file coords-v7.cif (mmCIF, C-alpha atoms and all ligand atoms)
data_final
loop_
_atom_site.label_atom_id
_atom_site.label_comp_id
_atom_site.auth_asym_id
_atom_site.auth_seq_id
_atom_site.Cartn_x
_atom_site.Cartn_y
_atom_site.Cartn_z
CA MET C 21 -38.54 65.81 -212.86
CA GLU C 22 -37.79 66.67 -209.23
CA LEU C 23 -35.56 69.74 -209.30
CA LEU C 24 -33.72 71.53 -206.49
CA LEU C 25 -33.14 75.24 -207.06
CA THR C 26 -30.53 76.62 -204.66
CA GLY C 27 -31.13 80.36 -204.32
CA GLY C 28 -34.53 79.65 -205.84
CA MET C 29 -36.23 82.47 -203.90
CA GLY C 30 -34.10 85.13 -205.62
CA TYR C 31 -34.63 87.09 -208.83
CA ILE C 32 -33.63 84.57 -211.51
CA GLY C 33 -34.44 81.49 -209.43
CA SER C 34 -38.05 82.56 -208.82
CA HIS C 35 -38.71 83.25 -212.50
CA THR C 36 -37.13 79.92 -213.39
CA ALA C 37 -39.36 78.24 -210.81
CA VAL C 38 -42.39 79.59 -212.70
CA SER C 39 -41.18 78.22 -216.06
CA LEU C 40 -40.26 74.82 -214.63
CA THR C 41 -43.50 74.45 -212.65
CA LEU C 42 -45.60 75.32 -215.69
CA ALA C 43 -43.56 72.80 -217.71
CA GLY C 44 -44.66 70.07 -215.24
CA HIS C 45 -41.57 69.77 -213.02
CA ARG C 46 -41.71 69.75 -209.23
CA VAL C 47 -39.40 72.40 -207.77
CA VAL C 48 -37.87 72.59 -204.32
CA LEU C 49 -36.48 76.02 -203.47
CA TYR C 50 -33.48 75.85 -201.11
CA ASP C 51 -32.51 79.30 -199.86
CA ASN C 52 -31.15 81.01 -196.73
CA LEU C 53 -33.17 84.18 -197.55
CA VAL C 54 -30.10 86.41 -197.18
CA LYS C 55 -31.25 88.29 -200.32
CA SER C 56 -34.90 87.26 -200.58
CA ALA C 57 -38.07 86.84 -198.53
CA GLU C 58 -40.53 84.06 -197.72
CA VAL C 59 -43.44 85.97 -199.31
CA MET C 60 -42.07 84.63 -202.61
CA VAL C 61 -43.73 81.25 -201.98
CA GLU C 62 -47.19 82.84 -201.95
CA ARG C 63 -46.46 84.90 -205.07
CA LEU C 64 -45.26 81.87 -206.99
CA GLU C 65 -48.41 80.03 -205.98
CA ARG C 66 -50.54 82.93 -207.26
CA ILE C 67 -48.77 82.78 -210.63
CA THR C 68 -48.65 79.03 -211.20
CA GLY C 69 -51.52 77.74 -209.05
CA ILE C 70 -49.05 75.36 -207.36
CA SER C 71 -47.25 76.08 -204.11
CA PRO C 72 -43.52 75.47 -204.49
CA LEU C 73 -41.73 73.56 -201.77
CA PHE C 74 -39.44 75.84 -199.77
CA VAL C 75 -36.57 74.60 -197.61
CA SER C 76 -34.77 77.15 -195.47
CA GLY C 77 -31.05 76.42 -195.52
CA ASP C 78 -27.55 77.51 -196.45
CA VAL C 79 -25.68 75.79 -199.28
CA ARG C 80 -22.63 75.59 -197.04
CA ASP C 81 -24.56 73.22 -194.75
CA THR C 82 -23.63 70.00 -196.56
CA ASP C 83 -25.55 67.67 -194.22
CA HIS C 84 -28.78 69.64 -194.54
CA LEU C 85 -28.39 69.72 -198.33
CA THR C 86 -27.71 65.99 -198.42
CA ASP C 87 -30.86 65.29 -196.39
CA THR C 88 -32.89 67.60 -198.67
CA LEU C 89 -31.63 65.98 -201.89
CA ARG C 90 -32.40 62.54 -200.49
CA HIS C 91 -35.78 63.42 -198.97
CA TYR C 92 -37.16 64.87 -202.22
CA ALA C 93 -35.40 62.32 -204.50
CA ILE C 94 -33.91 65.16 -206.54
CA ASP C 95 -32.97 64.36 -210.17
CA ALA C 96 -31.11 67.58 -211.00
CA VAL C 97 -29.97 70.79 -209.30
CA ILE C 98 -29.96 74.35 -210.63
CA HIS C 99 -27.44 76.30 -208.56
CA PHE C 100 -28.38 79.98 -208.33
CA ALA C 101 -27.35 80.62 -204.70
CA GLY C 102 -24.56 83.14 -204.43
CA LEU C 103 -23.63 86.76 -203.97
CA LYS C 104 -23.53 88.82 -207.17
CA VAL C 105 -22.50 92.45 -206.70
CA VAL C 106 -19.18 93.23 -208.38
CA GLY C 107 -18.43 96.35 -206.28
CA GLU C 108 -19.24 94.58 -203.01
CA SER C 109 -17.00 91.66 -204.00
CA LEU C 110 -14.04 94.06 -204.04
CA GLU C 111 -14.85 95.10 -200.44
CA ILE C 112 -15.64 91.67 -198.94
CA PRO C 113 -13.90 89.10 -201.17
CA LEU C 114 -13.77 86.43 -198.45
CA GLU C 115 -17.55 86.41 -198.12
CA TYR C 116 -17.80 86.03 -201.89
CA TYR C 117 -15.38 83.10 -202.01
CA ALA C 118 -17.04 81.45 -199.00
CA ASN C 119 -20.55 81.78 -200.42
CA ASN C 120 -19.90 81.17 -204.09
CA VAL C 121 -16.95 78.76 -204.15
CA GLN C 122 -17.19 76.98 -200.79
CA GLY C 123 -20.98 76.89 -201.18
CA THR C 124 -20.64 75.11 -204.54
CA ILE C 125 -18.11 72.58 -203.19
CA SER C 126 -20.53 71.82 -200.37
CA LEU C 127 -23.35 71.31 -202.89
CA LEU C 128 -21.18 69.00 -205.03
CA GLN C 129 -20.26 66.92 -201.99
CA ALA C 130 -23.92 66.53 -201.09
CA MET C 131 -24.82 65.61 -204.68
CA ARG C 132 -22.03 63.03 -204.83
CA GLU C 133 -23.18 61.55 -201.53
CA VAL C 134 -26.73 60.89 -202.79
CA GLY C 135 -25.84 60.13 -206.42
CA THR C 136 -27.45 63.19 -208.04
CA ARG C 137 -25.15 63.99 -210.97
CA SER C 138 -26.98 66.62 -213.06
CA LEU C 139 -26.23 70.29 -212.46
CA VAL C 140 -26.95 73.63 -214.12
CA PHE C 141 -24.74 76.40 -212.75
CA SER C 142 -25.49 80.16 -212.86
CA SER C 143 -22.34 81.60 -214.39
CA SER C 144 -21.88 85.03 -215.90
CA ALA C 145 -20.55 86.86 -218.94
CA ASN C 146 -18.32 88.46 -216.32
CA VAL C 147 -15.92 85.52 -216.82
CA TYR C 148 -14.93 86.97 -220.23
CA GLY C 149 -13.67 90.28 -218.79
CA GLU C 150 -13.07 93.04 -221.34
CA PRO C 151 -14.31 91.70 -224.73
CA ARG C 152 -11.51 91.17 -227.27
CA TYR C 153 -14.01 90.64 -230.09
CA LEU C 154 -17.76 90.84 -230.61
CA PRO C 155 -20.09 89.06 -230.41
CA VAL C 156 -18.60 87.10 -227.53
CA ASP C 157 -18.78 83.34 -228.08
CA GLU C 158 -17.89 80.59 -225.61
CA ALA C 159 -14.40 80.22 -227.15
CA HIS C 160 -13.60 83.81 -226.13
CA PRO C 161 -10.71 83.79 -223.62
CA THR C 162 -11.70 84.20 -219.99
CA GLY C 163 -10.22 87.21 -218.23
CA VAL C 164 -11.81 88.08 -214.93
CA THR C 165 -11.17 91.48 -213.39
CA ASN C 166 -12.90 91.28 -209.99
CA PRO C 167 -13.46 88.79 -207.14
CA TYR C 168 -17.10 88.14 -208.15
CA GLY C 169 -16.06 87.11 -211.67
CA ARG C 170 -13.21 85.06 -210.22
CA THR C 171 -15.63 83.08 -208.02
CA LYS C 172 -17.66 82.23 -211.15
CA LEU C 173 -14.57 81.19 -213.09
CA HIS C 174 -13.20 79.13 -210.17
CA VAL C 175 -16.49 77.29 -209.92
CA GLU C 176 -16.59 76.66 -213.68
CA GLU C 177 -13.08 75.18 -213.44
CA ILE C 178 -13.97 73.01 -210.44
CA LEU C 179 -16.97 71.71 -212.39
CA PHE C 180 -14.81 71.05 -215.45
CA ASP C 181 -12.34 68.99 -213.38
CA LEU C 182 -15.16 67.08 -211.73
CA ALA C 183 -16.81 66.17 -215.04
CA ARG C 184 -13.43 65.06 -216.43
CA SER C 185 -12.75 62.89 -213.38
CA ASP C 186 -16.09 61.08 -213.52
CA PRO C 187 -18.12 60.81 -216.76
CA SER C 188 -21.36 60.24 -214.89
CA TRP C 189 -21.56 64.00 -214.13
CA ARG C 190 -23.75 66.11 -216.42
CA ILE C 191 -22.93 69.80 -216.02
CA ILE C 192 -23.90 72.99 -217.83
CA CYS C 193 -22.51 76.42 -216.91
CA LEU C 194 -24.93 79.04 -218.23
CA ARG C 195 -23.14 82.34 -218.82
CA TYR C 196 -25.84 84.97 -218.41
CA PHE C 197 -25.48 88.34 -220.06
CA ASN C 198 -27.66 91.09 -218.51
CA PRO C 199 -30.93 89.72 -217.12
CA VAL C 200 -33.68 92.35 -216.81
CA GLY C 201 -37.47 92.54 -216.69
CA ALA C 202 -40.04 90.67 -214.64
CA HIS C 203 -42.81 88.10 -214.95
CA GLU C 204 -45.72 89.57 -216.92
CA SER C 205 -48.00 89.35 -213.84
CA GLY C 206 -45.93 92.08 -212.18
CA LEU C 207 -45.93 89.92 -209.01
CA ILE C 208 -42.24 89.01 -209.02
CA GLY C 209 -39.21 90.90 -210.27
CA GLU C 210 -35.85 92.25 -209.25
CA THR C 211 -35.83 93.83 -205.79
CA PRO C 212 -32.33 95.09 -205.02
CA GLN C 213 -31.72 96.18 -201.44
CA GLY C 214 -30.83 99.88 -201.16
CA ILE C 215 -29.64 101.81 -204.21
CA PRO C 216 -29.71 99.48 -207.24
CA ASN C 217 -26.39 98.51 -208.82
CA ASN C 218 -27.93 97.47 -212.12
CA LEU C 219 -29.18 99.83 -214.80
CA MET C 220 -32.77 98.63 -215.25
CA PRO C 221 -33.91 98.72 -211.58
CA TYR C 222 -32.23 102.13 -211.30
CA ILE C 223 -34.10 103.48 -214.33
CA ALA C 224 -37.36 102.06 -212.92
CA ARG C 225 -36.87 103.93 -209.65
CA VAL C 226 -36.08 107.17 -211.47
CA ALA C 227 -39.26 106.75 -213.55
CA SER C 228 -41.29 106.17 -210.36
CA GLY C 229 -39.81 109.29 -208.73
CA GLU C 230 -38.01 107.35 -205.96
CA LEU C 231 -34.65 108.46 -207.35
CA ALA C 232 -34.06 111.89 -208.86
CA GLU C 233 -31.96 111.09 -211.91
CA LEU C 234 -29.88 108.46 -213.64
CA LEU C 235 -26.13 108.93 -213.89
CA VAL C 236 -24.91 107.76 -217.30
CA PHE C 237 -21.25 106.82 -216.97
CA GLY C 238 -19.58 107.97 -220.17
CA ASP C 239 -20.98 109.28 -223.47
CA ASP C 240 -17.73 109.11 -225.42
CA TYR C 241 -17.44 105.37 -226.03
CA PRO C 242 -17.00 104.16 -229.63
CA THR C 243 -20.71 103.17 -229.82
CA PRO C 244 -23.49 104.70 -231.99
CA ASP C 245 -24.61 107.20 -229.31
CA GLY C 246 -21.45 107.17 -227.19
CA THR C 247 -22.99 105.33 -224.20
CA GLY C 248 -22.18 101.75 -223.16
CA VAL C 249 -23.86 98.87 -225.01
CA ARG C 250 -24.98 95.65 -223.27
CA ASP C 251 -26.90 92.49 -224.13
CA PHE C 252 -30.07 92.79 -222.02
CA ILE C 253 -32.07 89.58 -221.83
CA HIS C 254 -35.61 89.19 -220.51
CA VAL C 255 -35.56 87.16 -217.30
CA MET C 256 -38.41 84.94 -218.57
CA ASP C 257 -36.35 84.07 -221.67
CA LEU C 258 -33.47 83.29 -219.32
CA ALA C 259 -35.81 81.15 -217.19
CA GLU C 260 -36.86 79.14 -220.25
CA GLY C 261 -33.18 78.64 -221.08
CA HIS C 262 -32.84 76.74 -217.80
CA ALA C 263 -35.75 74.46 -218.68
CA SER C 264 -34.00 73.71 -222.00
CA ALA C 265 -30.69 73.09 -220.21
CA VAL C 266 -32.31 70.59 -217.83
CA ALA C 267 -33.85 68.77 -220.79
CA TYR C 268 -30.46 68.64 -222.55
CA LEU C 269 -28.75 67.17 -219.47
CA THR C 270 -31.04 64.17 -219.51
CA GLY C 271 -29.31 62.86 -222.62
CA HIS C 272 -25.76 64.24 -222.32
CA SER C 273 -22.90 63.80 -219.88
CA GLY C 274 -19.78 65.98 -219.54
CA TRP C 275 -19.29 69.74 -219.12
CA GLN C 276 -20.54 72.60 -221.27
CA ALA C 277 -20.39 76.39 -221.00
CA ILE C 278 -23.25 78.08 -222.86
CA ASN C 279 -24.04 81.78 -223.31
CA LEU C 280 -27.56 82.98 -222.57
CA GLY C 281 -27.97 86.31 -224.31
CA THR C 282 -29.95 87.76 -227.19
CA GLY C 283 -27.04 88.61 -229.48
CA GLN C 284 -28.35 92.17 -229.69
CA GLY C 285 -26.78 95.11 -227.85
CA TYR C 286 -28.69 98.16 -226.60
CA SER C 287 -27.10 101.36 -225.33
CA VAL C 288 -27.88 103.03 -222.01
CA LEU C 289 -29.72 105.84 -223.82
CA GLU C 290 -31.76 103.36 -225.88
CA MET C 291 -32.80 101.75 -222.59
CA VAL C 292 -33.80 105.12 -221.17
CA ARG C 293 -35.96 105.92 -224.21
CA ALA C 294 -37.56 102.47 -224.28
CA PHE C 295 -38.38 102.77 -220.57
CA GLU C 296 -39.91 106.23 -221.04
CA ALA C 297 -42.10 104.80 -223.81
CA ALA C 298 -43.18 101.79 -221.72
CA SER C 299 -43.90 103.74 -218.53
CA GLY C 300 -45.11 107.05 -219.94
CA ARG C 301 -42.80 108.71 -217.39
CA PRO C 302 -39.71 110.85 -217.95
CA VAL C 303 -36.32 109.40 -216.93
CA PRO C 304 -34.06 112.39 -216.27
CA TYR C 305 -30.37 111.59 -216.66
CA ARG C 306 -27.00 113.30 -216.36
CA ILE C 307 -23.78 112.35 -218.11
CA ALA C 308 -20.94 111.49 -215.70
CA PRO C 309 -17.34 110.39 -216.35
CA ARG C 310 -16.66 106.80 -217.42
CA ARG C 311 -16.30 104.28 -214.60
CA PRO C 312 -13.02 102.39 -214.42
CA GLY C 313 -13.44 98.78 -215.55
CA ASP C 314 -16.53 99.36 -217.73
CA SER C 315 -16.23 98.20 -221.32
CA ALA C 316 -17.73 100.06 -224.28
CA SER C 317 -19.73 97.21 -225.66
CA CYS C 318 -20.52 93.60 -224.77
CA TYR C 319 -23.01 91.24 -226.37
CA ALA C 320 -23.30 87.50 -226.85
CA ASN C 321 -23.03 85.12 -229.69
CA PRO C 322 -26.04 82.94 -228.71
CA GLU C 323 -25.62 80.29 -231.46
CA LYS C 324 -24.42 77.50 -229.16
CA ALA C 325 -27.59 77.76 -227.06
CA LEU C 326 -29.68 77.48 -230.22
CA ARG C 327 -27.65 74.53 -231.49
CA LEU C 328 -27.45 72.50 -228.27
CA LEU C 329 -30.51 73.60 -226.33
CA ASP C 330 -32.84 74.60 -229.17
CA TRP C 331 -33.33 77.84 -227.23
CA SER C 332 -33.25 81.49 -228.25
CA ALA C 333 -34.53 84.68 -226.64
CA ARG C 334 -37.97 85.75 -227.94
CA ARG C 335 -38.97 88.79 -225.93
CA SER C 336 -38.34 92.38 -227.03
CA LEU C 337 -36.83 95.40 -225.31
CA ALA C 338 -40.37 96.80 -225.01
CA ASP C 339 -41.40 93.59 -223.15
CA MET C 340 -38.42 93.98 -220.80
CA CYS C 341 -39.36 97.59 -219.97
CA ALA C 342 -43.14 97.01 -219.71
CA SER C 343 -42.75 94.08 -217.30
CA THR C 344 -40.21 95.96 -215.17
CA TRP C 345 -42.63 98.89 -214.96
CA ALA C 346 -45.57 96.59 -214.09
CA PHE C 347 -43.51 95.19 -211.21
CA GLN C 348 -42.15 98.58 -210.10
CA SER C 349 -45.55 100.26 -210.09
CA GLY C 350 -47.38 97.34 -208.39
CA SER C 351 -48.03 97.22 -204.67
CA HIS C 352 -45.21 95.12 -203.23
N1 LIG C 401 -28.81 89.05 -211.92
C1 LIG C 401 -27.75 89.13 -212.71
O1 LIG C 401 -27.51 90.17 -213.32
C2 LIG C 401 -26.81 87.95 -212.88
C3 LIG C 401 -25.94 87.93 -213.97
C4 LIG C 401 -25.08 86.84 -214.12
C5 LIG C 401 -25.09 85.80 -213.17
N2 LIG C 401 -25.95 85.87 -212.12
C6 LIG C 401 -25.93 84.77 -211.12
O2 LIG C 401 -27.20 84.17 -211.05
C7 LIG C 401 -27.46 83.71 -209.72
C8 LIG C 401 -28.81 84.25 -209.26
O3 LIG C 401 -28.77 85.66 -209.34
P1 LIG C 401 -30.01 86.56 -208.91
O4 LIG C 401 -29.96 87.79 -209.74
O5 LIG C 401 -31.24 85.75 -208.88
O6 LIG C 401 -29.56 86.94 -207.43
P2 LIG C 401 -30.44 87.09 -206.10
O7 LIG C 401 -29.57 87.73 -205.09
O8 LIG C 401 -31.77 87.67 -206.39
O9 LIG C 401 -30.70 85.55 -205.70
C9 LIG C 401 -29.72 84.75 -205.08
C10 LIG C 401 -30.44 83.90 -204.02
O10 LIG C 401 -29.49 83.07 -203.37
C11 LIG C 401 -29.72 83.10 -201.98
N3 LIG C 401 -28.43 82.78 -201.33
C12 LIG C 401 -27.28 83.50 -201.34
N4 LIG C 401 -26.33 82.86 -200.65
C13 LIG C 401 -26.87 81.69 -200.21
C14 LIG C 401 -26.39 80.60 -199.45
N5 LIG C 401 -25.13 80.59 -198.97
N6 LIG C 401 -27.21 79.56 -199.19
C15 LIG C 401 -28.51 79.56 -199.65
N7 LIG C 401 -29.02 80.58 -200.37
C16 LIG C 401 -28.22 81.63 -200.65
C17 LIG C 401 -30.25 84.49 -201.69
O11 LIG C 401 -31.01 84.58 -200.50
C18 LIG C 401 -31.11 84.75 -202.94
O12 LIG C 401 -32.44 84.32 -202.74
C19 LIG C 401 -26.29 84.18 -208.86
O13 LIG C 401 -25.39 83.10 -208.71
C20 LIG C 401 -25.64 85.27 -209.70
O14 LIG C 401 -24.28 85.40 -209.47
C21 LIG C 401 -26.82 86.91 -211.95
#
call {"tool": "encode", "arguments": {"input": "coords-v7.cif", "output": "structure tokens", "more": "lines below"}}
Ligand SMILES: NC(=O)c1ccc[n+]([C@@H]2O[C@H](COP(=O)([O-])OP(=O)(O)OC[C@H]3O[C@@H](n4cnc5c(N)ncnc54)[C@H](O)[C@@H]3O)[C@@H](O)[C@H]2O)c1
result
Amino acid sequence: MELLLTGGMGYIGSHTAVSLTLAGHRVVLYDNLVKSAEVMVERLERITGISPLFVSGDVRDTDHLTDTLRHYAIDAVIHFAGLKVVGESLEIPLEYYANNVQGTISLLQAMREVGTRSLVFSSSANVYGEPRYLPVDEAHPTGVTNPYGRTKLHVEEILFDLARSDPSWRIICLRYFNPVGAHESGLIGETPQGIPNNLMPYIARVASGELAELLVFGDDYPTPDGTGVRDFIHVMDLAEGHASAVAYLTGHSGWQAINLGTGQGYSVLEMVRAFEAASGRPVPYRIAPRRPGDSASCYANPEKALRLLDWSARRSLADMCASTWAFQSGSH
């Protein structure tokens, strides 16, 4: 198939591009490079042996998107493009709504114009808010607590209304849990700008000596070791989930929300120990007070993905840490 990946030069998009290319699809990466760099094209070619097509553009530019969809005769779109930092979304909510919500409406208008009706959307477990029960399944009530999560929920609702209004749309919202790790080559991975907001890149930089220590926010949660528990999923497992979602769309119309997680929670301290084992480096940490808004524990019920997409996560915590370390310690 001919697939357009908006935001395809970013962390999850680039890994998904590898999976899709190796599965025989042709990918077009549409990105404004606000959070990524053009060197990605060359790295993807080194991994897959095929140079991906890159189109420089903003998803809010509906005419440019329309031309791109038409020019490459795109069958389906995977929509990664967006801003994703919860803390930043509290400071600049308008930019988040403009990028994530307005950007999606622009994409949908372009798709409608050219008759492309298949879409996979990058949603987030953030739409569930504080878990009311575990594991979190797709029937769990939504309850967003920040502008970033609200942009994801708004988009999911827009997509739901669209699919209800016109049965020719085929839409899947993938609710990611906590993507971590890197491609096994160590050539691509997560490259946050400045101080990382996510746990795994932070741990990696402490292990490499770039950062002095990890602050662990809270050790008095009702979890086995008192630190927060999350469902970390290897980014290559996540990437393969997108390939399965695209295959599912071929035969099914309507709207679906599907969790992509492992179903297994790991605590912050378990992550630290696993990373020390994978890297052979110490990860010094210090316990700090809990952060407002953090929940004790959150992990997915991944059964719907298995049932509908015939997909489940295969890679271990050791794989997640080893690939992150290979990327961190490479020469990028
Ligand atoms: N990484 C996570 O932990 C996580 C978790 C849940 C959901 N998500 C969602 O998955 C998607 C991809 O996340 P990621 O981790 O790869 O992020 P990322 O920042 O690495 O990639 C996003 C890409 O989108 C591009 N982009 C942003 N705004 C754009 C615009 N207006 N037009 C064109 N391109 C634009 C950026 O340049 C970047 O290449 C995002 O929508 C994010 O909200 C990520």
call {"tool": "residues_around", "arguments": {"input": "coords-v7.cif", "residues": "Asp78 in chain C", "least_positions_apart": "2", "cutoff": "12 Å", "atoms": "all atoms listed in the file", "output": "ChimeraX atom specification"}}
result
/C:26-28,49-54,75-76,80-86,88,101-102,118-120,122-124,126-127
call {"tool": "residues_around", "arguments": {"input": "coords-v7.cif", "residues": "Tyr241 in chain C", "least_positions_apart": "4", "cutoff": "10 Å", "atoms": "only C-alpha atoms", "output": "PDB file with C-alpha atoms, keeping the file's coordinate frame"}}
result
ATOM      1  CA  PHE C 237     -21.250 106.820-216.970  1.00  0.00           C
ATOM      2  CA  ASP C 245     -24.610 107.200-229.310  1.00  0.00           C
ATOM      3  CA  GLY C 246     -21.450 107.170-227.190  1.00  0.00           C
ATOM      4  CA  THR C 247     -22.990 105.330-224.200  1.00  0.00           C
ATOM      5  CA  GLY C 248     -22.180 101.750-223.160  1.00  0.00           C
ATOM      6  CA  VAL C 249     -23.860  98.870-225.010  1.00  0.00           C
ATOM      7  CA  ARG C 310     -16.660 106.800-217.420  1.00  0.00           C
ATOM      8  CA  SER C 315     -16.230  98.200-221.320  1.00  0.00           C
ATOM      9  CA  ALA C 316     -17.730 100.060-224.280  1.00  0.00           C
ATOM     10  CA  SER C 317     -19.730  97.210-225.660  1.00  0.00           C
TER      11      SER C 317
END
call {"tool": "atom_distance", "arguments": {"input": "coords-v7.cif", "atom1": "CA of Asp257 in chain C", "atom2": "CA of Arg46 in chain C"}}
result
19.7 Å
call {"tool": "atom_distance", "arguments": {"input": "coords-v7.cif", "atom1": "CA of Gly163 in chain C", "atom2": "CA of Leu110 in chain C"}}
result
16.2 Å
call {"tool": "residues_near_point", "arguments": {"input": "coords-v7.cif", "point": "(-38.9, 97.7, -213.1)", "cutoff": "6 Å", "atoms": "all atoms listed in the file", "output": "PyMOL selection string"}}
result
chain C and resi 221+224+344-345+347-348
call {"tool": "atom_distance", "arguments": {"input": "coords-v7.cif", "atom1": "CA of Leu280 in chain C", "atom2": "CA of Arg195 in chain C"}}
result
5.8 Å
call {"tool": "closest_residue", "arguments": {"input": "coords-v7.cif", "among": "C:Arg137, C:Val121, C:Leu207, C:Asp95", "to": "Arg170 in chain C", "atoms": "all atoms listed in the file"}}
result
C:Val121
call {"tool": "closest_residue", "arguments": {"input": "coords-v7.cif", "among": "C:Asp186, C:Asp339, C:Glu133, C:Glu115", "to": "ligand LIG 401 (chain C)", "atoms": "all atoms listed in the file"}}
result
C:Glu115
call {"tool": "build_atoms", "arguments": {"input": "coords-v7.cif", "residues": "range 220-238 of chain C", "atoms": "N, CA and C atoms", "output": "PDB file, in the frame of the given file"}}
result
ATOM      1  N   MET C 220     -31.303  98.671-215.081  1.00  0.00           N
ATOM      2  CA  MET C 220     -32.770  98.630-215.250  1.00  0.00           C
ATOM      3  C   MET C 220     -33.524  98.966-213.961  1.00  0.00           C
ATOM      4  N   PRO C 221     -33.207  98.334-212.816  1.00  0.00           N
ATOM      5  CA  PRO C 221     -33.910  98.720-211.580  1.00  0.00           C
ATOM      6  C   PRO C 221     -33.690 100.194-211.231  1.00  0.00           C
ATOM      7  N   TYR C 222     -32.529 100.711-211.576  1.00  0.00           N
ATOM      8  CA  TYR C 222     -32.230 102.130-211.300  1.00  0.00           C
ATOM      9  C   TYR C 222     -33.153 103.015-212.137  1.00  0.00           C
ATOM     10  N   ILE C 223     -33.229 102.706-213.436  1.00  0.00           N
ATOM     11  CA  ILE C 223     -34.100 103.480-214.330  1.00  0.00           C
ATOM     12  C   ILE C 223     -35.544 103.422-213.822  1.00  0.00           C
ATOM     13  N   ALA C 224     -35.967 102.225-213.387  1.00  0.00           N
ATOM     14  CA  ALA C 224     -37.360 102.060-212.920  1.00  0.00           C
ATOM     15  C   ALA C 224     -37.634 102.964-211.726  1.00  0.00           C
ATOM     16  N   ARG C 225     -36.644 103.098-210.849  1.00  0.00           N
ATOM     17  CA  ARG C 225     -36.870 103.930-209.650  1.00  0.00           C
ATOM     18  C   ARG C 225     -36.804 105.419-209.980  1.00  0.00           C
ATOM     19  N   VAL C 226     -36.060 105.760-211.023  1.00  0.00           N
ATOM     20  CA  VAL C 226     -36.080 107.170-211.470  1.00  0.00           C
ATOM     21  C   VAL C 226     -37.453 107.456-212.086  1.00  0.00           C
ATOM     22  N   ALA C 227     -37.940 106.542-212.911  1.00  0.00           N
ATOM     23  CA  ALA C 227     -39.260 106.750-213.550  1.00  0.00           C
ATOM     24  C   ALA C 227     -40.367 106.877-212.503  1.00  0.00           C
ATOM     25  N   SER C 228     -40.240 106.124-211.398  1.00  0.00           N
ATOM     26  CA  SER C 228     -41.290 106.170-210.360  1.00  0.00           C
ATOM     27  C   SER C 228     -41.152 107.377-209.457  1.00  0.00           C
ATOM     28  N   GLY C 229     -40.021 108.098-209.568  1.00  0.00           N
ATOM     29  CA  GLY C 229     -39.810 109.290-208.730  1.00  0.00           C
ATOM     30  C   GLY C 229     -39.066 108.988-207.440  1.00  0.00           C
ATOM     31  N   GLU C 230     -38.739 107.694-207.191  1.00  0.00           N
ATOM     32  CA  GLU C 230     -38.010 107.350-205.960  1.00  0.00           C
ATOM     33  C   GLU C 230     -36.572 107.853-205.993  1.00  0.00           C
ATOM     34  N   LEU C 231     -35.993 107.910-207.181  1.00  0.00           N
ATOM     35  CA  LEU C 231     -34.650 108.460-207.350  1.00  0.00           C
ATOM     36  C   LEU C 231     -34.745 109.624-208.324  1.00  0.00           C
ATOM     37  N   ALA C 232     -33.900 110.639-208.112  1.00  0.00           N
ATOM     38  CA  ALA C 232     -34.060 111.890-208.860  1.00  0.00           C
ATOM     39  C   ALA C 232     -33.620 111.782-210.308  1.00  0.00           C
ATOM     40  N   GLU C 233     -32.483 111.144-210.542  1.00  0.00           N
ATOM     41  CA  GLU C 233     -31.960 111.090-211.910  1.00  0.00           C
ATOM     42  C   GLU C 233     -31.019 109.899-212.058  1.00  0.00           C
ATOM     43  N   LEU C 234     -30.804 109.546-213.317  1.00  0.00           N
ATOM     44  CA  LEU C 234     -29.880 108.460-213.640  1.00  0.00           C
ATOM     45  C   LEU C 234     -28.532 109.073-214.003  1.00  0.00           C
ATOM     46  N   LEU C 235     -27.454 108.518-213.454  1.00  0.00           N
ATOM     47  CA  LEU C 235     -26.130 108.930-213.890  1.00  0.00           C
ATOM     48  C   LEU C 235     -25.692 107.994-215.007  1.00  0.00           C
ATOM     49  N   VAL C 236     -25.381 108.561-216.159  1.00  0.00           N
ATOM     50  CA  VAL C 236     -24.910 107.760-217.300  1.00  0.00           C
ATOM     51  C   VAL C 236     -23.390 107.899-217.341  1.00  0.00           C
ATOM     52  N   PHE C 237     -22.705 106.765-217.102  1.00  0.00           N
ATOM     53  CA  PHE C 237     -21.250 106.820-216.970  1.00  0.00           C
ATOM     54  C   PHE C 237     -20.575 106.745-218.338  1.00  0.00           C
ATOM     55  N   GLY C 238     -20.309 107.895-218.900  1.00  0.00           N
ATOM     56  CA  GLY C 238     -19.580 107.970-220.170  1.00  0.00           C
ATOM     57  C   GLY C 238     -20.492 108.109-221.371  1.00  0.00           C
TER      58      GLY C 238
END
